[in-house]
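Asker: So that you have it, the file is final26.cif, and it contains mmCIF, C-alpha atoms:
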data_data
loop_
_atom_site.label_atom_id
_atom_site.label_comp_id
_atom_site.auth_asym_id
_atom_site.auth_seq_id
_atom_site.Cartn_x
_atom_site.Cartn_y
_atom_site.Cartn_z
CA MET A 1 -13.81 -30.76 -67.59
CA ARG A 2 -11.17 -28.07 -67.10
CA LEU A 3 -11.46 -28.21 -63.31
CA ALA A 4 -11.43 -31.98 -62.86
CA GLY A 5 -9.89 -33.01 -59.54
CA THR A 6 -9.95 -29.53 -58.03
CA VAL A 7 -11.75 -28.17 -54.99
CA ALA A 8 -13.19 -24.67 -55.24
CA VAL A 9 -14.53 -22.41 -52.51
CA ILE A 10 -17.12 -19.96 -53.86
CA THR A 11 -18.24 -17.24 -51.47
CA GLY A 12 -21.72 -15.81 -51.83
CA GLY A 13 -22.63 -19.17 -53.32
CA ALA A 14 -26.12 -19.78 -51.92
CA ALA A 15 -27.97 -17.85 -54.62
CA GLY A 16 -27.59 -15.52 -57.57
CA ILE A 17 -24.45 -15.52 -59.65
CA GLY A 18 -22.46 -17.36 -56.97
CA LEU A 19 -24.80 -20.33 -57.23
CA ALA A 20 -24.46 -20.18 -61.02
CA TYR A 21 -20.67 -20.32 -60.63
CA GLY A 22 -21.06 -23.36 -58.39
CA ARG A 23 -23.21 -25.16 -60.93
CA ARG A 24 -20.73 -24.42 -63.74
CA PHE A 25 -17.72 -25.49 -61.66
CA LEU A 26 -19.41 -28.80 -60.92
CA ALA A 27 -20.04 -29.28 -64.64
CA GLU A 28 -16.32 -28.63 -65.21
CA GLY A 29 -15.41 -31.45 -62.82
CA ALA A 30 -14.67 -29.57 -59.58
CA ARG A 31 -15.88 -30.29 -56.10
CA VAL A 32 -17.42 -27.13 -54.70
CA VAL A 33 -17.79 -25.48 -51.31
CA LEU A 34 -20.56 -22.88 -51.24
CA ALA A 35 -19.91 -20.33 -48.49
CA ASP A 36 -22.60 -17.77 -47.74
CA VAL A 37 -24.07 -15.75 -44.90
CA ALA A 38 -27.44 -17.12 -46.05
CA ASP A 39 -27.51 -20.84 -45.30
CA PRO A 40 -26.13 -22.58 -48.44
CA VAL A 41 -26.67 -26.17 -47.28
CA ALA A 42 -29.91 -26.70 -49.21
CA ALA A 43 -28.41 -25.21 -52.36
CA ALA A 44 -25.40 -27.53 -52.14
CA LEU A 45 -27.59 -30.59 -51.60
CA GLU A 46 -29.71 -29.66 -54.59
CA LEU A 47 -26.66 -29.17 -56.82
CA ALA A 48 -24.74 -32.36 -56.00
CA PRO A 49 -24.90 -34.02 -52.57
CA GLU A 50 -21.56 -35.82 -52.97
CA ARG A 51 -19.57 -33.06 -54.68
CA ALA A 52 -21.04 -29.82 -53.28
CA TYR A 53 -20.83 -28.73 -49.66
CA GLY A 54 -22.51 -25.74 -48.06
CA VAL A 55 -21.03 -23.86 -45.10
CA ARG A 56 -22.72 -20.85 -43.56
CA THR A 57 -20.10 -18.10 -43.54
CA ASP A 58 -19.90 -14.37 -42.87
CA VAL A 59 -16.86 -13.31 -44.90
CA SER A 60 -16.58 -10.10 -42.89
CA ASP A 61 -15.83 -12.16 -39.77
CA MET A 62 -12.43 -13.86 -39.70
CA ALA A 63 -13.44 -16.54 -37.21
CA SER A 64 -16.34 -17.52 -39.45
CA VAL A 65 -14.06 -17.69 -42.50
CA ARG A 66 -11.45 -19.80 -40.70
CA ALA A 67 -14.17 -22.20 -39.59
CA MET A 68 -15.38 -22.50 -43.19
CA VAL A 69 -11.90 -23.25 -44.50
CA HIS A 70 -11.37 -25.84 -41.77
CA ALA A 71 -14.67 -27.49 -42.71
CA ALA A 72 -13.84 -27.40 -46.43
CA VAL A 73 -10.46 -29.06 -45.94
CA GLY A 74 -12.03 -31.57 -43.58
CA ARG A 75 -14.61 -32.48 -46.21
CA PHE A 76 -12.52 -32.50 -49.40
CA GLY A 77 -8.88 -32.53 -48.19
CA ARG A 78 -7.64 -29.49 -50.15
CA ILE A 79 -8.56 -26.11 -51.67
CA ASP A 80 -7.32 -25.33 -55.17
CA VAL A 81 -9.52 -22.37 -56.11
CA LEU A 82 -11.00 -19.46 -54.17
CA VAL A 83 -13.67 -17.39 -55.92
CA ASN A 84 -14.22 -14.22 -53.89
CA ASN A 85 -17.74 -13.54 -55.11
CA ALA A 86 -19.56 -12.49 -51.93
CA ALA A 87 -20.59 -8.84 -52.12
CA VAL A 88 -23.28 -6.41 -51.07
CA PHE A 89 -24.88 -5.19 -54.29
CA ALA A 90 -28.25 -6.70 -55.15
CA THR A 91 -29.93 -5.05 -52.14
CA LEU A 92 -28.54 -1.54 -52.71
CA LYS A 93 -30.49 1.53 -53.75
CA PRO A 94 -28.67 4.16 -55.83
CA GLN A 95 -28.48 7.46 -53.94
CA PRO A 96 -26.26 10.54 -53.56
CA PHE A 97 -23.00 9.85 -51.77
CA ASP A 98 -23.85 12.09 -48.82
CA GLU A 99 -27.15 10.28 -48.23
CA ILE A 100 -25.66 6.79 -47.97
CA PRO A 101 -26.26 5.54 -44.41
CA GLU A 102 -23.00 5.06 -42.55
CA ALA A 103 -24.00 1.54 -41.52
CA GLU A 104 -24.59 0.63 -45.18
CA TRP A 105 -21.21 2.06 -46.21
CA ASP A 106 -19.50 0.05 -43.47
CA ARG A 107 -21.28 -3.17 -44.45
CA VAL A 108 -20.34 -2.78 -48.13
CA MET A 109 -16.69 -2.30 -47.20
CA ALA A 110 -16.74 -5.12 -44.65
CA VAL A 111 -18.08 -7.66 -47.13
CA ASN A 112 -16.74 -6.45 -50.50
CA VAL A 113 -13.22 -5.53 -49.37
CA LYS A 114 -12.44 -6.96 -45.94
CA GLY A 115 -14.19 -10.19 -46.94
CA ILE A 116 -11.66 -10.80 -49.72
CA TRP A 117 -8.78 -10.09 -47.34
CA ASN A 118 -10.23 -12.47 -44.76
CA CYS A 119 -10.77 -15.27 -47.26
CA ALA A 120 -7.29 -14.90 -48.72
CA ARG A 121 -5.73 -14.97 -45.23
CA ALA A 122 -7.59 -18.17 -44.41
CA VAL A 123 -7.12 -20.02 -47.72
CA VAL A 124 -3.58 -19.08 -48.71
CA PRO A 125 -1.88 -21.26 -46.05
CA VAL A 126 -3.71 -24.26 -47.52
CA MET A 127 -2.66 -23.34 -51.06
CA ARG A 128 0.94 -22.71 -49.97
CA SER A 129 1.11 -26.15 -48.41
CA GLN A 130 -0.03 -27.58 -51.75
CA GLY A 131 2.39 -25.43 -53.77
CA SER A 132 -0.28 -23.91 -56.00
CA GLY A 133 -3.66 -22.21 -56.11
CA ARG A 134 -5.95 -19.90 -58.02
CA ILE A 135 -7.68 -16.89 -56.47
CA VAL A 136 -10.37 -15.23 -58.57
CA ASN A 137 -11.72 -11.95 -57.23
CA VAL A 138 -14.99 -10.59 -58.55
CA ALA A 139 -14.60 -6.88 -59.28
CA SER A 140 -16.93 -4.87 -61.54
CA ALA A 141 -16.75 -3.01 -64.83
CA ILE A 142 -18.46 -0.13 -63.02
CA VAL A 143 -15.07 0.94 -61.62
CA ALA A 144 -13.76 2.31 -64.91
CA LYS A 145 -16.99 4.18 -65.59
CA GLY A 146 -17.09 6.02 -62.27
CA THR A 147 -20.86 5.56 -62.10
CA ALA A 148 -22.54 8.06 -59.80
CA LEU A 149 -24.98 7.27 -56.97
CA LEU A 150 -23.28 4.03 -55.94
CA LEU A 151 -20.13 5.48 -54.43
CA HIS A 152 -19.67 2.82 -51.77
CA TYR A 153 -20.05 -0.04 -54.25
CA VAL A 154 -17.81 1.59 -56.90
CA THR A 155 -15.17 2.33 -54.26
CA SER A 156 -15.25 -1.21 -52.92
CA LYS A 157 -14.81 -2.74 -56.37
CA GLY A 158 -11.96 -0.35 -57.15
CA ALA A 159 -10.28 -1.71 -54.05
CA VAL A 160 -10.77 -5.25 -55.38
CA VAL A 161 -8.84 -4.38 -58.55
CA ALA A 162 -6.01 -2.86 -56.50
CA MET A 163 -5.94 -5.80 -54.09
CA THR A 164 -5.74 -8.21 -57.02
CA ARG A 165 -2.63 -6.53 -58.39
CA ALA A 166 -0.82 -6.26 -55.07
CA LEU A 167 -1.74 -9.73 -53.83
CA ALA A 168 -0.60 -11.30 -57.10
CA ARG A 169 2.92 -9.99 -56.46
CA GLU A 170 2.97 -11.35 -52.92
CA LEU A 171 1.65 -14.79 -53.78
CA GLY A 172 3.38 -15.46 -57.10
CA PRO A 173 6.47 -16.98 -55.46
CA SER A 174 4.16 -19.51 -53.77
CA GLY A 175 2.71 -20.65 -57.09
CA ILE A 176 -0.60 -18.92 -56.45
CA THR A 177 -2.19 -16.78 -59.15
CA VAL A 178 -4.53 -13.90 -58.32
CA ASN A 179 -6.78 -12.46 -61.01
CA ALA A 180 -10.10 -10.66 -61.16
CA VAL A 181 -13.13 -10.75 -63.39
CA ALA A 182 -15.04 -7.49 -63.85
CA PRO A 183 -18.56 -8.11 -65.13
CA GLY A 184 -21.00 -5.50 -66.30
CA LEU A 185 -24.54 -5.61 -64.94
CA ILE A 186 -25.45 -9.31 -64.76
CA LEU A 187 -29.14 -10.10 -64.36
CA SER A 188 -28.93 -12.88 -61.79
CA ASP A 189 -32.09 -13.82 -59.93
CA THR A 190 -31.07 -11.77 -56.89
CA VAL A 191 -30.34 -8.67 -58.98
CA GLN A 192 -33.61 -8.99 -60.88
CA ALA A 193 -35.45 -8.96 -57.56
CA ASN A 194 -34.37 -5.33 -56.98
CA PRO A 195 -35.91 -2.90 -59.49
CA ASP A 196 -33.85 -0.05 -58.00
CA ILE A 197 -30.79 -1.76 -59.50
CA THR A 198 -32.21 -3.22 -62.73
CA ALA A 199 -33.84 0.07 -63.75
CA PHE A 200 -30.87 2.23 -62.76
CA GLN A 201 -29.41 3.83 -65.90
CA SER A 202 -30.67 0.82 -67.89
CA ALA A 203 -30.88 2.74 -71.16
CA ALA A 204 -27.36 4.11 -70.75
CA VAL A 205 -26.01 0.65 -69.91
CA MET A 206 -27.50 -0.84 -73.05
CA GLN A 207 -26.43 2.06 -75.25
CA ALA A 208 -22.81 1.70 -74.13
CA ARG A 209 -22.63 -1.99 -74.98
CA SER A 210 -21.31 -3.25 -78.28
CA LEU A 211 -23.48 -6.34 -77.76
CA LYS A 212 -26.99 -4.94 -77.45
CA ARG A 213 -28.58 -7.38 -75.06
CA ASP A 214 -28.98 -8.13 -71.38
CA ALA A 215 -26.30 -10.18 -69.64
CA PHE A 216 -26.96 -13.24 -67.50
CA PRO A 217 -24.76 -15.45 -65.29
CA ASP A 218 -23.78 -17.79 -68.12
CA ASP A 219 -22.22 -14.82 -69.91
CA VAL A 220 -19.51 -14.53 -67.25
CA GLU A 221 -19.19 -18.11 -65.96
CA GLY A 222 -16.70 -19.10 -68.66
CA ALA A 223 -14.35 -16.25 -67.79
CA VAL A 224 -14.31 -17.33 -64.14
CA VAL A 225 -13.65 -20.95 -65.11
CA PHE A 226 -10.79 -19.77 -67.33
CA LEU A 227 -9.16 -17.84 -64.48
CA ALA A 228 -9.64 -20.81 -62.14
CA SER A 229 -8.09 -23.32 -64.56
CA ASP A 230 -4.64 -24.12 -65.87
CA ASP A 231 -5.57 -22.29 -69.08
CA SER A 232 -4.61 -19.09 -67.23
CA ALA A 233 -1.55 -20.53 -65.49
CA PHE A 234 0.76 -17.71 -66.65
CA MET A 235 -1.65 -14.88 -65.83
CA SER A 236 -1.65 -13.05 -62.52
CA GLY A 237 -2.61 -9.59 -61.32
CA GLN A 238 -4.97 -9.11 -64.25
CA THR A 239 -8.57 -7.91 -64.43
CA LEU A 240 -10.65 -9.46 -67.20
CA ILE A 241 -13.60 -7.27 -68.20
CA VAL A 242 -16.79 -9.06 -69.28
CA ASP A 243 -19.34 -6.35 -70.02
CA GLY A 244 -20.54 -6.78 -73.59
CA GLY A 245 -17.94 -4.41 -75.02
CA SER A 246 -19.03 -1.27 -73.18
CA VAL A 247 -17.28 2.02 -73.86
CA PHE A 248 -14.66 3.19 -71.31
CA SER A 249 -13.94 -0.44 -70.47
CA THR A 250 -10.37 0.02 -69.33
CA LEU A 251 -9.08 -0.83 -65.86
#
Can you present the structure in this file as structure tokens?
Answerer:
Amino acid sequence: MRLAGTVAVITGGAAGIGLAYGRRFLAEGARVVLADVADPVAAALELAPERAYGVRTDVSDMASVRAMVHAAVGRFGRIDVLVNNAAVFATLKPQPFDEIPEAEWDRVMAVNVKGIWNCARAVVPVMRSQGSGRIVNVASAIVAKGTALLLHYVTSKGAVVAMTRALARELGPSGITVNAVAPGLILSDTVQANPDITAFQSAAVMQARSLKRDAFPDDVEGAVVFLASDDSAFMSGQTLIVDGGSVFSTL
């Protein structure tokens, strides 16, 4: 129960790995707000009607994010943890950089990068008023590998690592830690629904791992809980790689 008494906002929480984070946070004693552009209300009710709350949110839109934060505070009275998990990934198709549609590039940046900025801008005033907080950004181990054919996604997650470092310096004096987790390919239900992603360089991914098996949400949940808890109270600006011990795993 490392998160007992806390309130956590998890973006992208209606399905996939975000929903898995929500389930694990509840098991660790937190109350959870699932924020997602896909309606998360049913998911929250299924998880825990009294301790989980779903708010439909487009993280790329600041007004939508502010409304979500207002609703979260109205429901639970505080926000202790922000998990910036929302990202465009599971629906992507690997392709050469000069064939990526401009609208797709813009959407990836709007959600994966601007979305984190928006959520931090909306949540930090609440955390500052409380004198503490934990922000956990979800980056990706793909950044260090420079994987080809997903330039927009790799670029966006590189920005997440940089944002984590810079934001940690700004928010440290307010008692707010900012860290990132960088998973390898995690086979959540939403990722498994897209064979373009699951089959992409699958042999190379497995060959690079020290642990020769597929990875699933429960392989990274513990790292996120750690960064959201007091166990990481003296860590900030760090990126924790969780990718089965792949080669070139240095950020």
Asker: Select, from A:Ala67, A:Ala215, A:Ala27, A:Ala15, the residue with the minimum atom-to-atom distance to Ala42 of chain A, counting all atoms listed in the file.
Answerer: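 Of A:Ala67, A:Ala215, A:Ala27, A:Ala15, the one nearest Ala42 of chain A, counting all atoms listed in the file, is A:Ala15.
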Asker: Which residue out of A:Phe76, A:Met62, A:Thr164, A:Val69 has the minimum interatomic distance to Val7 of chain A when all atoms listed in the file are used?
Answerer: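 Among the listed residues, the smallest separation from Val7 of chain A belongs to A:Phe76.
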Asker: Starting from 3 Å padding per side, set up an axis-aligned box that covers all listed atoms of segment 217-227 of chain A and hand over centre and edge lengths in Å, one decimal, as JSON.
Answerer:
{"center_x": -17.0, "center_y": -17.7, "center_z": -67.0, "size_x": 21.6, "size_y": 12.4, "size_z": 11.8}
Asker: Name the closest residue to Asp61 of chain A among the candidates A:Asn118, A:Ser174, A:Thr147, A:Thr190; distances are taken between atoms, counting all atoms listed in the file.
Answerer: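 Distance minimum relative to Asp61 of chain A lands on A:Asn118.
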Asker: Give me the residues within 9 Å of Phe89 of chain A as a PyMOL selection string, counting only C-alpha atoms and dropping any in the same chain fewer than 4 places off.
Answerer: chain A and resi 93+108+153+191+197
